[in-house]
Each structure stands twice: as structure tokens, then as C-alpha cells.
$ cat start_34.txt   # compact mmCIF, C-alpha atoms and all ligand atoms
# COMPACT_ATOMS: atom_id res chain seq x y z
CA MET E 47 -64.26 184.65 15.93
CA ILE E 48 -65.82 184.13 19.35
CA GLU E 49 -68.82 181.80 19.69
CA ALA E 50 -70.78 181.47 22.92
CA VAL E 51 -73.46 178.79 23.14
CA GLY E 52 -75.86 178.54 26.07
CA LEU E 53 -73.29 180.11 28.37
CA THR E 54 -74.49 180.09 31.98
CA LYS E 55 -72.77 181.10 35.23
CA ARG E 56 -74.26 181.16 38.71
CA TYR E 57 -72.81 182.64 41.88
CA GLY E 58 -74.90 181.14 44.67
CA ARG E 59 -78.43 182.24 43.90
CA THR E 60 -77.35 184.93 41.44
CA VAL E 61 -77.51 183.90 37.80
CA ALA E 62 -74.78 186.18 36.46
CA VAL E 63 -74.97 184.82 32.89
CA ASP E 64 -78.10 183.04 31.73
CA ASP E 65 -78.12 180.79 28.64
CA LEU E 66 -76.22 183.35 26.59
CA SER E 67 -75.45 182.61 22.93
CA PHE E 68 -73.76 185.04 20.53
CA THR E 69 -71.08 185.30 17.86
CA VAL E 70 -68.41 187.98 17.49
CA LYS E 71 -67.03 188.30 13.97
CA PRO E 72 -63.58 189.39 12.80
CA GLY E 73 -62.94 192.72 11.09
CA ARG E 74 -65.44 194.66 13.19
CA VAL E 75 -65.66 196.30 16.57
CA THR E 76 -68.45 194.54 18.46
CA GLY E 77 -69.82 196.30 21.51
CA PHE E 78 -70.88 194.23 24.50
CA LEU E 79 -73.51 196.43 26.01
CA GLY E 80 -75.52 196.13 29.17
CA PRO E 81 -76.37 197.83 32.44
CA ASN E 82 -74.17 197.39 35.51
CA GLY E 83 -74.34 193.84 36.77
CA ALA E 84 -75.65 192.49 33.44
CA GLY E 85 -72.92 189.84 33.33
CA LYS E 86 -70.44 191.37 30.90
CA SER E 87 -67.29 190.88 32.99
CA THR E 88 -68.34 187.36 33.94
CA THR E 89 -68.82 186.51 30.26
CA MET E 90 -65.41 187.95 29.40
CA ARG E 91 -63.79 185.93 32.18
CA MET E 92 -65.44 182.78 30.81
CA ILE E 93 -64.18 183.55 27.30
CA LEU E 94 -60.68 183.77 28.79
CA GLY E 95 -61.00 180.57 30.80
CA LEU E 96 -60.78 182.49 34.10
CA ASP E 97 -64.25 181.32 35.15
CA ARG E 98 -65.82 177.98 34.29
CA PRO E 99 -69.37 178.06 32.91
CA ASP E 100 -71.99 176.04 34.79
CA ALA E 101 -73.54 175.22 31.43
CA GLY E 102 -72.82 175.92 27.77
CA HIS E 103 -69.46 176.75 26.27
CA VAL E 104 -67.54 179.49 24.55
CA LEU E 105 -65.06 178.98 21.73
CA VAL E 106 -62.23 181.26 20.73
CA ASP E 107 -61.04 180.53 17.21
CA GLY E 108 -63.04 177.28 17.37
CA ARG E 109 -61.59 176.02 20.66
CA PRO E 110 -62.13 176.57 24.36
CA TYR E 111 -59.51 179.00 25.72
CA ARG E 112 -57.96 176.35 27.95
CA GLN E 113 -57.26 174.18 24.91
CA LEU E 114 -55.40 176.86 22.97
CA ASP E 115 -51.73 175.98 22.45
CA ARG E 116 -50.44 179.51 22.81
CA PRO E 117 -53.35 181.52 24.17
CA LEU E 118 -51.68 184.96 24.07
CA ARG E 119 -51.04 184.52 20.36
CA THR E 120 -54.74 183.87 19.82
CA VAL E 121 -56.47 186.25 22.20
CA GLY E 122 -55.36 189.34 24.09
CA ALA E 123 -57.39 191.02 26.80
CA LEU E 124 -57.55 194.19 28.82
CA LEU E 125 -59.58 193.40 31.92
CA ASP E 126 -57.98 195.51 34.63
CA ALA E 127 -55.52 198.21 33.58
CA LYS E 128 -54.12 198.55 37.10
CA TRP E 129 -52.93 194.95 37.09
CA VAL E 130 -49.24 195.77 37.03
CA HIS E 131 -46.41 195.72 39.59
CA PRO E 132 -46.22 199.42 40.59
CA ASN E 133 -42.42 199.53 40.88
CA ARG E 134 -41.76 197.89 37.54
CA SER E 135 -41.20 200.04 34.49
CA ALA E 136 -43.65 199.65 31.61
CA ARG E 137 -40.91 197.94 29.63
CA ALA E 138 -39.94 195.57 32.46
CA HIS E 139 -43.62 194.65 32.95
CA LEU E 140 -43.99 193.76 29.28
CA GLN E 141 -40.63 191.96 29.19
CA TRP E 142 -41.72 189.83 32.11
CA LEU E 143 -45.02 189.03 30.38
CA ALA E 144 -43.27 188.22 27.10
CA ARG E 145 -40.71 185.95 28.81
CA SER E 146 -43.26 184.07 30.87
CA ASN E 147 -45.41 183.46 27.80
CA GLY E 148 -42.64 182.50 25.40
CA LEU E 149 -43.10 185.57 23.22
CA PRO E 150 -40.15 187.21 21.43
CA ALA E 151 -38.51 190.11 23.34
CA ARG E 152 -38.63 192.35 20.24
CA ARG E 153 -42.42 192.50 20.56
CA VAL E 154 -42.01 194.60 23.72
CA ASP E 155 -40.56 197.58 21.87
CA GLU E 156 -42.98 197.09 18.98
CA VAL E 157 -46.07 197.22 21.17
CA LEU E 158 -44.71 200.13 23.25
CA GLU E 159 -44.37 202.01 19.98
CA VAL E 160 -47.84 201.02 18.76
CA VAL E 161 -49.57 202.32 21.90
CA GLY E 162 -47.43 205.48 22.09
CA LEU E 163 -45.58 204.63 25.31
CA ALA E 164 -42.06 204.28 23.90
CA SER E 165 -40.87 207.56 25.41
CA VAL E 166 -42.02 206.63 28.94
CA ALA E 167 -41.13 202.94 28.73
CA ARG E 168 -38.53 203.19 31.51
CA ARG E 169 -40.78 205.00 33.95
CA ARG E 170 -42.43 203.24 36.93
CA ALA E 171 -45.81 201.92 35.79
CA GLY E 172 -47.16 202.66 39.29
CA GLY E 173 -46.88 206.39 38.54
CA PHE E 174 -48.82 206.18 35.30
CA SER E 175 -52.07 208.07 34.77
CA LEU E 176 -55.16 205.97 34.07
CA GLY E 177 -54.85 206.72 30.35
CA MET E 178 -51.23 205.56 30.30
CA SER E 179 -52.13 202.44 32.32
CA GLN E 180 -54.83 201.64 29.77
CA ARG E 181 -52.28 201.96 26.99
CA LEU E 182 -49.92 199.67 28.87
CA GLY E 183 -52.74 197.15 29.35
CA ILE E 184 -53.45 197.30 25.63
CA ALA E 185 -49.75 196.85 24.86
CA ALA E 186 -49.79 193.70 27.02
CA ALA E 187 -52.88 192.43 25.18
CA LEU E 188 -51.08 192.95 21.86
CA LEU E 189 -47.83 191.22 22.82
CA GLY E 190 -48.76 187.94 21.17
CA ASP E 191 -50.11 189.77 18.09
CA PRO E 192 -53.48 188.04 18.61
CA GLN E 193 -56.32 188.06 16.12
CA ILE E 194 -58.89 188.36 18.91
CA LEU E 195 -58.99 191.18 21.45
CA LEU E 196 -61.23 191.70 24.47
CA PHE E 197 -61.53 195.01 26.26
CA ASP E 198 -63.59 195.30 29.45
CA GLU E 199 -64.86 198.87 29.93
CA PRO E 200 -61.69 200.37 28.39
CA VAL E 201 -62.80 204.01 28.49
CA ASN E 202 -63.99 204.09 32.10
CA GLY E 203 -62.52 207.11 33.83
CA LEU E 204 -60.57 208.36 30.82
CA ASP E 205 -60.44 211.97 29.68
CA PRO E 206 -61.85 212.84 26.22
CA GLU E 207 -58.43 212.58 24.59
CA GLY E 208 -57.90 209.09 26.06
CA ILE E 209 -61.39 208.03 24.96
CA LEU E 210 -60.77 209.21 21.42
CA TRP E 211 -57.45 207.39 21.30
CA ILE E 212 -58.98 204.10 22.48
CA ARG E 213 -61.89 204.44 20.08
CA GLN E 214 -59.63 205.04 17.08
CA PHE E 215 -57.25 202.32 18.18
CA MET E 216 -60.01 199.71 18.43
CA ARG E 217 -61.25 200.65 14.98
CA ARG E 218 -57.72 200.29 13.64
CA LEU E 219 -57.38 196.81 15.16
CA ALA E 220 -60.68 195.78 13.56
CA ALA E 221 -59.63 197.25 10.21
CA GLU E 222 -56.58 194.96 10.37
CA GLY E 223 -59.07 192.08 10.33
CA ARG E 224 -59.02 191.33 14.06
CA THR E 225 -62.00 190.41 16.20
CA VAL E 226 -62.53 193.23 18.69
CA PHE E 227 -65.03 192.69 21.53
CA VAL E 228 -65.44 195.62 23.88
CA SER E 229 -67.75 195.89 26.85
CA SER E 230 -69.34 199.08 28.02
CA HIS E 231 -72.39 200.41 29.82
CA LEU E 232 -71.90 203.70 27.96
CA LEU E 233 -74.35 203.69 25.12
CA SER E 234 -73.21 206.90 23.55
CA GLU E 235 -69.68 205.52 23.48
CA MET E 236 -70.76 202.28 21.82
CA ALA E 237 -72.79 204.19 19.24
CA LEU E 238 -69.59 205.93 18.19
CA THR E 239 -67.28 202.93 18.39
CA ALA E 240 -69.05 199.69 17.61
CA GLU E 241 -70.52 198.52 14.31
CA ASP E 242 -72.16 195.48 15.89
CA LEU E 243 -73.72 195.00 19.30
CA VAL E 244 -74.34 192.14 21.68
CA VAL E 245 -76.80 193.58 24.19
CA VAL E 246 -77.39 191.88 27.55
CA GLY E 247 -79.59 192.52 30.55
CA ARG E 248 -79.58 190.39 33.72
CA GLY E 249 -77.25 187.91 32.07
CA ARG E 250 -79.58 187.29 29.12
CA LEU E 251 -79.21 188.16 25.47
CA ILE E 252 -81.45 191.06 24.53
CA ALA E 253 -80.19 191.69 21.01
CA GLN E 254 -77.40 190.81 18.63
CA CYS E 255 -77.33 192.99 15.54
CA SER E 256 -75.59 195.96 13.98
CA THR E 257 -75.69 199.19 15.96
CA ALA E 258 -77.75 200.78 13.18
CA GLU E 259 -80.30 197.93 13.21
CA PHE E 260 -80.53 198.09 16.98
CA VAL E 261 -81.55 201.71 16.91
CA GLU E 262 -83.80 201.19 13.89
CA ASN E 263 -85.68 198.21 15.37
CA ALA E 264 -85.85 199.23 18.96
CA SER E 265 -86.67 202.88 18.72
CA GLU E 266 -89.97 204.24 17.58
CA SER E 267 -89.65 206.83 14.90
CA SER E 268 -91.65 209.99 15.24
CA VAL E 269 -92.19 213.02 13.06
CA ARG E 270 -91.96 216.67 14.05
CA VAL E 271 -94.21 218.97 12.16
CA ARG E 272 -94.88 222.74 12.24
CA SER E 273 -97.78 224.46 10.61
CA PRO E 274 -99.65 227.78 10.80
CA GLN E 275 -102.81 225.60 10.96
CA ILE E 276 -101.59 223.42 13.77
CA ASP E 277 -104.99 222.84 15.44
CA ARG E 278 -106.53 221.52 12.21
CA LEU E 279 -103.57 219.26 11.67
CA ARG E 280 -103.70 217.94 15.25
CA THR E 281 -107.40 217.12 14.89
CA ALA E 282 -106.79 215.30 11.60
CA LEU E 283 -103.90 213.29 13.05
CA LEU E 284 -105.86 212.31 16.16
CA HIS E 285 -108.77 211.35 13.94
CA LYS E 286 -106.45 208.96 12.07
CA GLY E 287 -105.46 207.37 15.39
CA PHE E 288 -102.01 208.90 15.88
CA THR E 289 -100.65 209.93 19.26
CA VAL E 290 -99.55 213.54 19.19
CA HIS E 291 -97.94 215.92 21.65
CA THR E 292 -97.06 219.58 21.44
CA GLU E 293 -93.46 220.72 21.64
CA PRO E 294 -92.62 224.41 22.08
CA THR E 295 -89.87 225.60 19.71
CA ALA E 296 -88.23 228.95 18.97
CA GLU E 297 -90.45 229.18 15.87
CA GLY E 298 -93.69 228.47 17.75
CA ASN E 299 -95.35 225.21 18.73
CA ALA E 300 -94.56 222.00 16.87
CA LEU E 301 -96.41 218.70 16.95
CA VAL E 302 -94.55 215.45 17.52
CA VAL E 303 -96.42 212.52 15.99
CA ASN E 304 -95.42 209.17 17.48
CA ALA E 305 -94.91 205.98 15.50
CA ALA E 306 -95.44 207.81 12.24
CA THR E 307 -93.52 208.41 9.02
CA SER E 308 -93.13 211.79 7.36
CA GLU E 309 -95.02 210.36 4.34
CA GLN E 310 -98.08 209.58 6.51
CA VAL E 311 -98.06 212.98 8.19
CA GLY E 312 -97.43 214.84 4.91
CA GLU E 313 -100.31 213.04 3.18
CA ILE E 314 -102.74 213.73 6.02
CA ALA E 315 -101.74 217.41 5.92
CA ALA E 316 -102.18 217.53 2.12
CA ALA E 317 -105.61 215.87 2.33
CA GLN E 318 -106.67 218.61 4.78
CA GLY E 319 -105.08 221.40 2.71
CA VAL E 320 -102.85 222.26 5.68
CA VAL E 321 -99.68 224.27 4.99
CA LEU E 322 -96.50 222.81 6.51
CA HIS E 323 -93.50 224.80 7.64
CA GLU E 324 -91.56 221.77 8.84
CA LEU E 325 -91.82 218.00 8.42
CA SER E 326 -88.88 216.23 10.01
CA PRO E 327 -88.46 212.56 10.89
CA GLN E 328 -86.96 212.04 14.36
CA ARG E 329 -84.73 209.03 14.79
CA GLY E 330 -84.75 207.48 18.27
CA SER E 331 -81.40 207.55 20.01
CA LEU E 332 -79.44 204.51 21.07
CA GLU E 333 -80.24 205.44 24.68
CA GLU E 334 -83.97 205.29 23.98
CA ALA E 335 -83.61 202.00 22.15
CA PHE E 336 -81.60 200.58 24.98
CA MET E 337 -83.94 201.73 27.73
CA ARG E 338 -86.91 200.35 25.83
CA LEU E 339 -85.28 196.95 25.43
CA THR E 340 -83.61 196.60 28.78
CA GLY E 341 -86.23 198.49 30.78
CA ASP E 342 -86.95 195.67 33.21
CA SER E 343 -83.47 194.20 32.93
CA VAL E 344 -81.79 196.95 34.89
CA GLN E 345 -80.63 195.33 38.08
CA TYR E 346 -80.14 198.42 40.19
CA ARG E 347 -82.31 201.47 40.29
CA THR E 348 -82.08 205.05 41.41
CA ASP E 349 -83.26 206.11 44.85
CA THR E 350 -86.32 207.62 43.21
CA ASP E 351 -87.14 204.32 41.47
CA ASP E 352 -86.63 202.31 44.62
CA PRO E 353 -88.31 203.90 47.63
CA THR E 354 -86.31 201.71 50.04
CA GLY E 355 -83.05 203.00 48.56
CA ALA E 356 -81.68 199.54 49.23
CA PRO E 357 -78.55 198.57 47.39
CA GLY E 358 -78.59 195.62 45.01
CA PRO E 359 -77.52 192.14 46.03
CA SER E 360 -73.82 192.77 45.47
CA GLY E 361 -73.90 196.01 47.45
CA SER E 362 -73.54 198.01 44.28
CA HIS E 363 -76.00 200.81 43.84
CA ALA E 364 -75.40 202.02 40.35
CA ALA E 365 -78.31 204.00 38.98
CA ALA E 366 -80.28 203.07 35.92
CA THR E 367 -79.44 206.53 34.65
CA ASP E 368 -75.74 205.60 34.70
CA LEU E 369 -76.56 204.06 31.37
CA LEU E 370 -77.10 207.47 29.97
CA VAL E 371 -73.93 209.10 31.21
CA PRO E 372 -72.15 210.40 28.12
CA ALA E 373 -68.67 209.08 27.50
CA GLY E 374 -66.01 211.01 29.33
CA LYS E 375 -68.08 211.84 32.39
N1 LIG I 401 -67.23 186.57 41.99
C1 LIG I 401 -68.52 186.82 42.14
N2 LIG I 401 -69.20 186.36 43.22
C2 LIG I 401 -70.52 186.60 43.38
N3 LIG I 401 -71.27 187.30 42.49
C3 LIG I 401 -70.66 187.79 41.41
C4 LIG I 401 -69.26 187.58 41.17
N4 LIG I 401 -68.93 188.19 39.99
C5 LIG I 401 -70.06 188.75 39.53
N5 LIG I 401 -71.10 188.51 40.38
C6 LIG I 401 -72.50 188.93 40.18
O1 LIG I 401 -72.87 188.54 38.89
C7 LIG I 401 -73.65 189.54 38.25
C8 LIG I 401 -72.97 189.97 36.97
O2 LIG I 401 -71.78 190.70 37.28
P1 LIG I 401 -70.74 191.21 36.20
O3 LIG I 401 -69.63 191.90 36.93
O4 LIG I 401 -70.40 190.12 35.27
O5 LIG I 401 -71.62 192.29 35.42
P2 LIG I 401 -71.16 193.47 34.47
O6 LIG I 401 -72.16 193.52 33.38
O7 LIG I 401 -69.73 193.29 34.11
O8 LIG I 401 -71.35 194.72 35.39
P3 LIG I 401 -70.41 195.98 35.65
O9 LIG I 401 -70.55 196.84 34.44
O10 LIG I 401 -71.03 196.58 36.86
O11 LIG I 401 -69.03 195.42 35.88
C9 LIG I 401 -73.83 190.64 39.28
O12 LIG I 401 -75.02 190.40 39.96
C10 LIG I 401 -72.65 190.46 40.19
O13 LIG I 401 -72.96 190.93 41.47

$ encode --input "start_34.txt" --output "C-alpha cells" --more "lines below"
Ligand SMILES: Nc1ncnc2c1ncn2[C@@H]1O[C@H](COP(=O)(O)OP(=O)(O)OP(=O)(O)O)[C@@H](O)[C@H]1O
Amino acid sequence: MIEAVGLTKRYGRTVAVDDLSFTVKPGRVTGFLGPNGAGKSTTMRMILGLDRPDAGHVLVDGRPYRQLDRPLRTVGALLDAKWVHPNRSARAHLQWLARSNGLPARRVDEVLEVVGLASVARRRAGGFSLGMSQRLGIAAALLGDPQILLFDEPVNGLDPEGILWIRQFMRRLAAEGRTVFVSSHLLSEMALTAEDLVVVGRGRLIAQCSTAEFVENASESSVRVRSPQIDRLRTALLHKGFTVHTEPTAEGNALVVNAATSEQVGEIAAAQGVVLHELSPQRGSLEEAFMRLTGDSVQYRTDTDDPTGAPGPSGSHAAATDLLVPAGK
């Protein structure tokens, strides 16, 4: 369990994390979702005692990280996969970590096996691909067999096979009853991986709920309807106060009725004696839900959004549309 209460962190005039409170439960993968610069990495560093909050606190297993007796046995983290001595072998890297943290040497071979690196354990970690480095980082996080795991953007830059592996692996860790907290700005990835979400924008909590609830609550549902008497149906819907737009389809024009249920549209059609060829509810995507909720929380914008084209305060110039990049791109 991870519990953050009123967590706040400022860097000069930038409020990186702003009065953030949330809970991450065991036995589930919880996605930590937010645009670039939303404060995800800063929050993770505070959970791990690497940054001190200016206000509030965060507890890991009921205690601040710095007060844990044997932190690696409680919480493991993958923050930066390239954090490894390039000339050391994967095995030597893990042996060094195990020794310096008082963990049994046998764990090294166990975790190498678990992440599928046993056959390359004696190779220089500096020559590893990004996917292999991620696996090595995960092996390091698992050394102490912790119940709580943090992964900061673990699929960034991975190929589809690597993404699938990480996704399945995180689910497996959660199924073992562990607390798995994984940050990402990739909504499509989180939709496939996480059961629960903590959503942040500009350091503030935007939502904490299940992924399904997030989509359900944040996205407007609409209904697509096709009819040979489409004009009559449109008039009736407009008369009832619905917003309608026309969508060309292979089978002719369809109407999309916003903020409506199929029951409402079907009943209006029946009352008018209008024949329907299609009546399909459209569920809003996670991307739509996210954009709706974080719309004005996106710190950096595209050149088209920002006529000056000026980079954000940290020099980063990630586009709002980065949020929509499908996993693996
Ligand atoms: N060491 C630092 N010094 C100054 N500002 C910082 C520092 N670390 C983070 N920030 C600022 O704090 C804000 C939050 O950054 P953070 O890296 O936590 O966000 P993030 O959600 O992890 O974003 P990304 O996905 O881009 O990594 C940003 O405005 C960032 O520029």
C-alpha cells in the first residue's frame, strides 16, 4: 500500500507536485497517468525518499521510506533503466546491489531467471538493448522480493514485444498480491495495463478511480444511428434538444447523437415511426476522457496551439498530442 497525503514539491517557482493525495492498493496494477511535466517522476522520487516534500507526506507500507528498516525488501523501483555500470555484467551488477543491500546472493540468479536474462547474465550490461536494460532494471527492483513496486515510464522506447512482456509481467506481479504503481503518459498503454488510475495534471490530482470508471465518468457517450428516413429522425432529435452531427459511412450517412443513450434515440425514432438500420452506443475512449479532464492541465503545447512556439519552463517542448501516441511508437 502507498498512501500520499497533501504531497507538495516546489522547484523555485515551479510547483511540481501540488497537494497531492492518493492511495495505491495491493493486488492491482495502478497507472499513474499524466501529461509530460505533470509531476509523476517527482512524486515517485518522493515515495522513494529521493526528494523531500515541501509539505505533506507519503507512506510506504505505513511508514516513510527513510524509516523502513530494509527498504529494498519493502519497495523496489525502476526509475532509470540505464543506471548501470556499462562494463559490469548483468550478474555482477545485481551481485553488487545484493551485497551492498544485505540481500542473499541466491536472489541474483532467481531474479535473472524471472526476467528472462539468465542466458545473457555474463554479458556486459553496457551492450544491452533498451528492452534488456529494462529487464535488468526490473530484476534489480525485485532483488529484495518487495511487496511494492514502482515503475517510471517502463515501456518508453520499447518495441511491441518488449511492451507486451512488461505489461504481462506487471500484471503477474499484481496477481501475486503486490502493489504495482506504474507511471506513463501513454493512455492507450494504461488502458491495456492498469485496473486503477491516479490521474494528475500540473502536479494536481485529477482523478483516482478504476480505469473503467474513468472512461465511463469522463467521456460523454453518444449514439450512432442509421435510417432510410434520416432527415425526419434528425429533425425529431433536434426538436428534443439533442446535438447531432452527420457522419458519412460506407452504408450511407449516419447520425451521431451526443450525450444520448440508445434507449432515448430508439424511443424517439419509434415515436416518429422511423425505421432504423443501426443503433449503436459509442463509448468514449480513454484518450477523450483524458483530454477532457486534463485539457487545461497540459503544461506544454504544440506549435499550432502556441503561436510563439516557445518551449515550456524546463526547456521541454513535448506536444499535447504526445498523450495520444499509441504505445510502441
Ligand atoms: N530537479 C528539478 N529542478 C527543477 N524543476 C524540476 C526538477 N524536476 C522536475 N522539475 C519540474 O517539475 C515539474 C514536474 O516534473 P516531473 O518530471 O515530475 O513530471 P513528469 O510527470 O514525470 O513528466 P515527464 O513525463 O515529462 O517525465 C516540471 O515542470 C519539471 O520541469

$ closest_residue --input "start_34.txt" --among "E:Ile276, E:Phe174, E:Leu53, E:Ala164" --to "Leu322 of chain E" --atoms "only C-alpha atoms"
E:Ile276

$ residues_near_ligand --input "start_34.txt" --ligand "ligand LIG 401 (chain I)" --cutoff "7 Å" --atoms "only C-alpha atoms and all ligand atoms" --output "ChimeraX atom specification"
/E:57,60-63,80-89,230-231,249,359-360

$ residues_near_point --input "start_34.txt" --point "(-59.2, 199.3, 29.1)" --cutoff "9 Å" --atoms "only C-alpha atoms" --output "mmCIF file with C-alpha atoms, keeping the file's coordinate frame"
data_model
loop_
_atom_site.group_PDB
_atom_site.id
_atom_site.type_symbol
_atom_site.label_atom_id
_atom_site.label_comp_id
_atom_site.auth_asym_id
_atom_site.auth_seq_id
_atom_site.Cartn_x
_atom_site.Cartn_y
_atom_site.Cartn_z
ATOM 1 C CA ALA E 123 -57.390 191.020 26.800
ATOM 2 C CA LEU E 124 -57.550 194.190 28.820
ATOM 3 C CA LEU E 125 -59.580 193.400 31.920
ATOM 4 C CA ASP E 126 -57.980 195.510 34.630
ATOM 5 C CA ALA E 127 -55.520 198.210 33.580
ATOM 6 C CA GLY E 177 -54.850 206.720 30.350
ATOM 7 C CA SER E 179 -52.130 202.440 32.320
ATOM 8 C CA GLN E 180 -54.830 201.640 29.770
ATOM 9 C CA ARG E 181 -52.280 201.960 26.990
ATOM 10 C CA GLY E 183 -52.740 197.150 29.350
ATOM 11 C CA ILE E 184 -53.450 197.300 25.630
ATOM 12 C CA PHE E 197 -61.530 195.010 26.260
ATOM 13 C CA ASP E 198 -63.590 195.300 29.450
ATOM 14 C CA GLU E 199 -64.860 198.870 29.930
ATOM 15 C CA PRO E 200 -61.690 200.370 28.390
ATOM 16 C CA VAL E 201 -62.800 204.010 28.490
ATOM 17 C CA ASN E 202 -63.990 204.090 32.100
ATOM 18 C CA ILE E 212 -58.980 204.100 22.480
ATOM 19 C CA VAL E 228 -65.440 195.620 23.880
#

$ residues_around --input "start_34.txt" --residues "Leu140 of chain E" --least-positions-apart "6" --cutoff "10 Å" --atoms "all atoms listed in the file" --output "PyMOL selection string"
chain E and resi 130+134+146+151+153-155+157-158+167+182-183+185-187+189

$ closest_residue --input "start_34.txt" --among "E:Thr76, E:Gln141, E:Ser175, E:Gln193" --to "Arg119 of chain E" --atoms "only C-alpha atoms"
E:Gln193

$ closest_residue --input "start_34.txt" --among "E:Val302, E:Val261, E:Leu96, E:Ala50" --to "Gly108 of chain E" --atoms "only C-alpha atoms"
E:Ala50
